[in-house]
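Have a look at work18.pdb below; it lists PDB, C-alpha atoms.
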```
MODEL        1
ATOM      1  CA  MET A   1       0.000   0.000   0.000  1.00  0.00           C
ATOM      2  CA  ALA A   2       1.329   3.441  -0.895  1.00  0.00           C
ATOM      3  CA  ALA A   3       2.167   5.984   1.771  1.00  0.00           C
ATOM      4  CA  SER A   4      -0.038   9.026   2.275  1.00  0.00           C
ATOM      5  CA  PRO A   5       1.175  12.257   0.685  1.00  0.00           C
ATOM      6  CA  ARG A   6       3.510  13.998   3.125  1.00  0.00           C
ATOM      7  CA  TYR A   7       2.865  17.708   2.496  1.00  0.00           C
ATOM      8  CA  LYS A   8      -0.428  19.181   3.691  1.00  0.00           C
ATOM      9  CA  VAL A   9      -1.733  22.617   2.724  1.00  0.00           C
ATOM     10  CA  TYR A  10      -3.872  24.604   5.165  1.00  0.00           C
ATOM     11  CA  SER A  11      -5.721  27.881   4.636  1.00  0.00           C
ATOM     12  CA  VAL A  12      -5.009  30.920   6.775  1.00  0.00           C
ATOM     13  CA  GLU A  13      -8.166  29.965   8.722  1.00  0.00           C
ATOM     14  CA  GLY A  14      -6.607  26.589   9.541  1.00  0.00           C
ATOM     15  CA  LYS A  15      -8.771  24.514   7.182  1.00  0.00           C
ATOM     16  CA  TYR A  16      -7.154  21.512   5.518  1.00  0.00           C
ATOM     17  CA  LEU A  17      -7.147  22.021   1.748  1.00  0.00           C
ATOM     18  CA  ALA A  18      -5.065  19.307   0.078  1.00  0.00           C
ATOM     19  CA  SER A  19      -2.067  17.008   0.329  1.00  0.00           C
ATOM     20  CA  PHE A  20       0.823  16.411  -2.036  1.00  0.00           C
ATOM     21  CA  LYS A  21       3.706  13.988  -2.457  1.00  0.00           C
ATOM     22  CA  TYR A  22       6.035  16.763  -3.640  1.00  0.00           C
ATOM     23  CA  ALA A  23       6.805  20.041  -1.872  1.00  0.00           C
ATOM     24  CA  SER A  24       6.900  21.956  -5.162  1.00  0.00           C
ATOM     25  CA  ASP A  25       3.350  20.799  -5.968  1.00  0.00           C
ATOM     26  CA  ALA A  26       2.157  22.029  -2.565  1.00  0.00           C
ATOM     27  CA  ALA A  27       3.898  25.327  -3.314  1.00  0.00           C
ATOM     28  CA  SER A  28       1.996  25.641  -6.583  1.00  0.00           C
ATOM     29  CA  LEU A  29      -1.358  25.501  -4.777  1.00  0.00           C
ATOM     30  CA  VAL A  30      -0.194  28.016  -2.190  1.00  0.00           C
ATOM     31  CA  GLY A  31       1.112  30.292  -4.935  1.00  0.00           C
ATOM     32  CA  CYS A  32      -2.131  30.083  -6.917  1.00  0.00           C
ATOM     33  CA  ARG A  33      -4.228  30.925  -3.874  1.00  0.00           C
ATOM     34  CA  GLY A  34      -2.233  34.095  -3.281  1.00  0.00           C
ATOM     35  CA  THR A  35      -3.414  34.216   0.331  1.00  0.00           C
ATOM     36  CA  LEU A  36      -0.749  35.245   2.804  1.00  0.00           C
ATOM     37  CA  GLY A  37      -0.756  33.014   5.858  1.00  0.00           C
ATOM     38  CA  THR A  38      -1.512  29.805   3.943  1.00  0.00           C
ATOM     39  CA  THR A  39       0.775  27.074   5.284  1.00  0.00           C
ATOM     40  CA  ILE A  40       2.462  23.924   4.077  1.00  0.00           C
ATOM     41  CA  ARG A  41       2.950  21.347   6.784  1.00  0.00           C
ATOM     42  CA  ASP A  42       4.997  18.206   7.137  1.00  0.00           C
ATOM     43  CA  GLY A  43       2.145  15.959   8.105  1.00  0.00           C
ATOM     44  CA  HIS A  44      -0.763  17.732   9.757  1.00  0.00           C
ATOM     45  CA  SER A  45       1.083  19.615  12.490  1.00  0.00           C
ATOM     46  CA  THR A  46       4.595  20.889  11.694  1.00  0.00           C
ATOM     47  CA  VAL A  47       4.542  24.092   9.630  1.00  0.00           C
ATOM     48  CA  VAL A  48       7.453  24.118   7.169  1.00  0.00           C
ATOM     49  CA  TRP A  49       6.311  27.102   5.063  1.00  0.00           C
ATOM     50  CA  GLU A  50       4.050  30.068   5.787  1.00  0.00           C
ATOM     51  CA  ASP A  51       3.250  32.211   2.798  1.00  0.00           C
ATOM     52  CA  GLY A  52       4.128  35.834   3.435  1.00  0.00           C
ATOM     53  CA  LYS A  53       6.291  35.095   6.467  1.00  0.00           C
ATOM     54  CA  ASP A  54       8.785  32.927   4.566  1.00  0.00           C
ATOM     55  CA  GLY A  55       8.336  34.637   1.203  1.00  0.00           C
ATOM     56  CA  GLU A  56       5.662  34.215  -1.430  1.00  0.00           C
ATOM     57  CA  ALA A  57       5.278  30.754  -2.919  1.00  0.00           C
ATOM     58  CA  GLY A  58       4.221  32.179  -6.274  1.00  0.00           C
ATOM     59  CA  ASP A  59       7.680  33.695  -6.744  1.00  0.00           C
ATOM     60  CA  SER A  60       9.459  30.311  -6.992  1.00  0.00           C
ATOM     61  CA  TYR A  61       8.060  26.864  -6.298  1.00  0.00           C
ATOM     62  CA  ASP A  62      11.588  25.450  -6.387  1.00  0.00           C
ATOM     63  CA  ARG A  63      12.725  27.879  -3.663  1.00  0.00           C
ATOM     64  CA  VAL A  64       9.773  26.856  -1.483  1.00  0.00           C
ATOM     65  CA  ALA A  65      10.682  23.174  -1.952  1.00  0.00           C
ATOM     66  CA  ASP A  66      14.334  23.907  -1.091  1.00  0.00           C
ATOM     67  CA  VAL A  67      13.314  25.732   2.106  1.00  0.00           C
ATOM     68  CA  ILE A  68      10.947  22.921   3.110  1.00  0.00           C
ATOM     69  CA  HIS A  69      13.530  20.181   2.489  1.00  0.00           C
ATOM     70  CA  SER A  70      16.158  22.160   4.387  1.00  0.00           C
ATOM     71  CA  ARG A  71      13.870  22.615   7.387  1.00  0.00           C
ATOM     72  CA  ILE A  72      12.897  18.959   7.459  1.00  0.00           C
ATOM     73  CA  SER A  73      16.495  17.732   7.167  1.00  0.00           C
ATOM     74  CA  SER A  74      17.705  20.083   9.914  1.00  0.00           C
ATOM     75  CA  ARG A  75      15.195  18.853  12.495  1.00  0.00           C
ATOM     76  CA  PRO A  76      16.478  16.459  15.128  1.00  0.00           C
ATOM     77  CA  GLN A  77      15.575  12.873  14.315  1.00  0.00           C
ATOM     78  CA  ALA A  78      13.591  10.822  16.851  1.00  0.00           C
ATOM     79  CA  GLN A  79      15.572   7.964  18.339  1.00  0.00           C
TER      80      GLN A  79
ENDMDL
END
```
Do you think you could lay out the structure here as structure tokens?
Amino acid sequence: MAASPRYKVYSVEGKYLASFKYASDAASLVGCRGTLGTTIRDGHSTVVWEDGKDGEAGDSYDRVADVIHSRISSRPQAQ
């Protein structure tokens, strides 16, 4: 059975919108919405991108993906 998509997009109101396997795809939805405060989360809880605070996703989906991957890789791993 395939794993669930990792990246979750939430509206500024905190409503779950969609999930994606790739960070750049999540960034494309955030960029198209154009709503500052929309977040991309690793799972349903850990915010790894907040539009407006971290930049604007519509400027570069690749940059958003790079930031997300960097934040995830720099977190301490559970033992």
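Take the candidates A:Ala18, A:Ala23, A:Val64, A:Lys8 and check each one against Arg41 (chain A) using only C-alpha atoms; the shortest distance goes to A:Lys8.
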Pick from A:Val12, A:Val48, A:Ala3, A:Ile72, whichever lies nearest to Ala26 (chain A) using all atoms listed in the file: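 Using all atoms listed in the file, the shortest distance to Ala26 (chain A) belongs to A:Val48.
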Selection: 12 Å around Thr46 (chain A), only C-alpha atoms, excl. self and same-chain fewer than 2 positions, as a PyMOL selection string: chain A and resi 6-10+39-44+48-50+68+71-72+75
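Against this structure, the PyMOL selection byres ((chain A and resi 32) around 12) ends up with Asp25, Ala26, Ala27, Ser28, Leu29, Val30, Gly31, Arg33, Gly34, Thr35, Leu36, Thr38, Asp51, Glu56, Ala57, Gly58, Asp59, Ser60 and Tyr61 of chain A.
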Per-axis box centre and lengths in Å around region 34-52 of chain A, 8 Å margin per side, axis-aligned, as AutoDock Vina command-line options:
```
--center_x 2.0 --center_y 25.9 --center_z 4.6 --size_x 26.9 --size_y 35.9 --size_z 31.8
```
CA of Ser74 (chain A) to CA of Glu13 (chain A), straight-line distance in Å: 27.7 Å
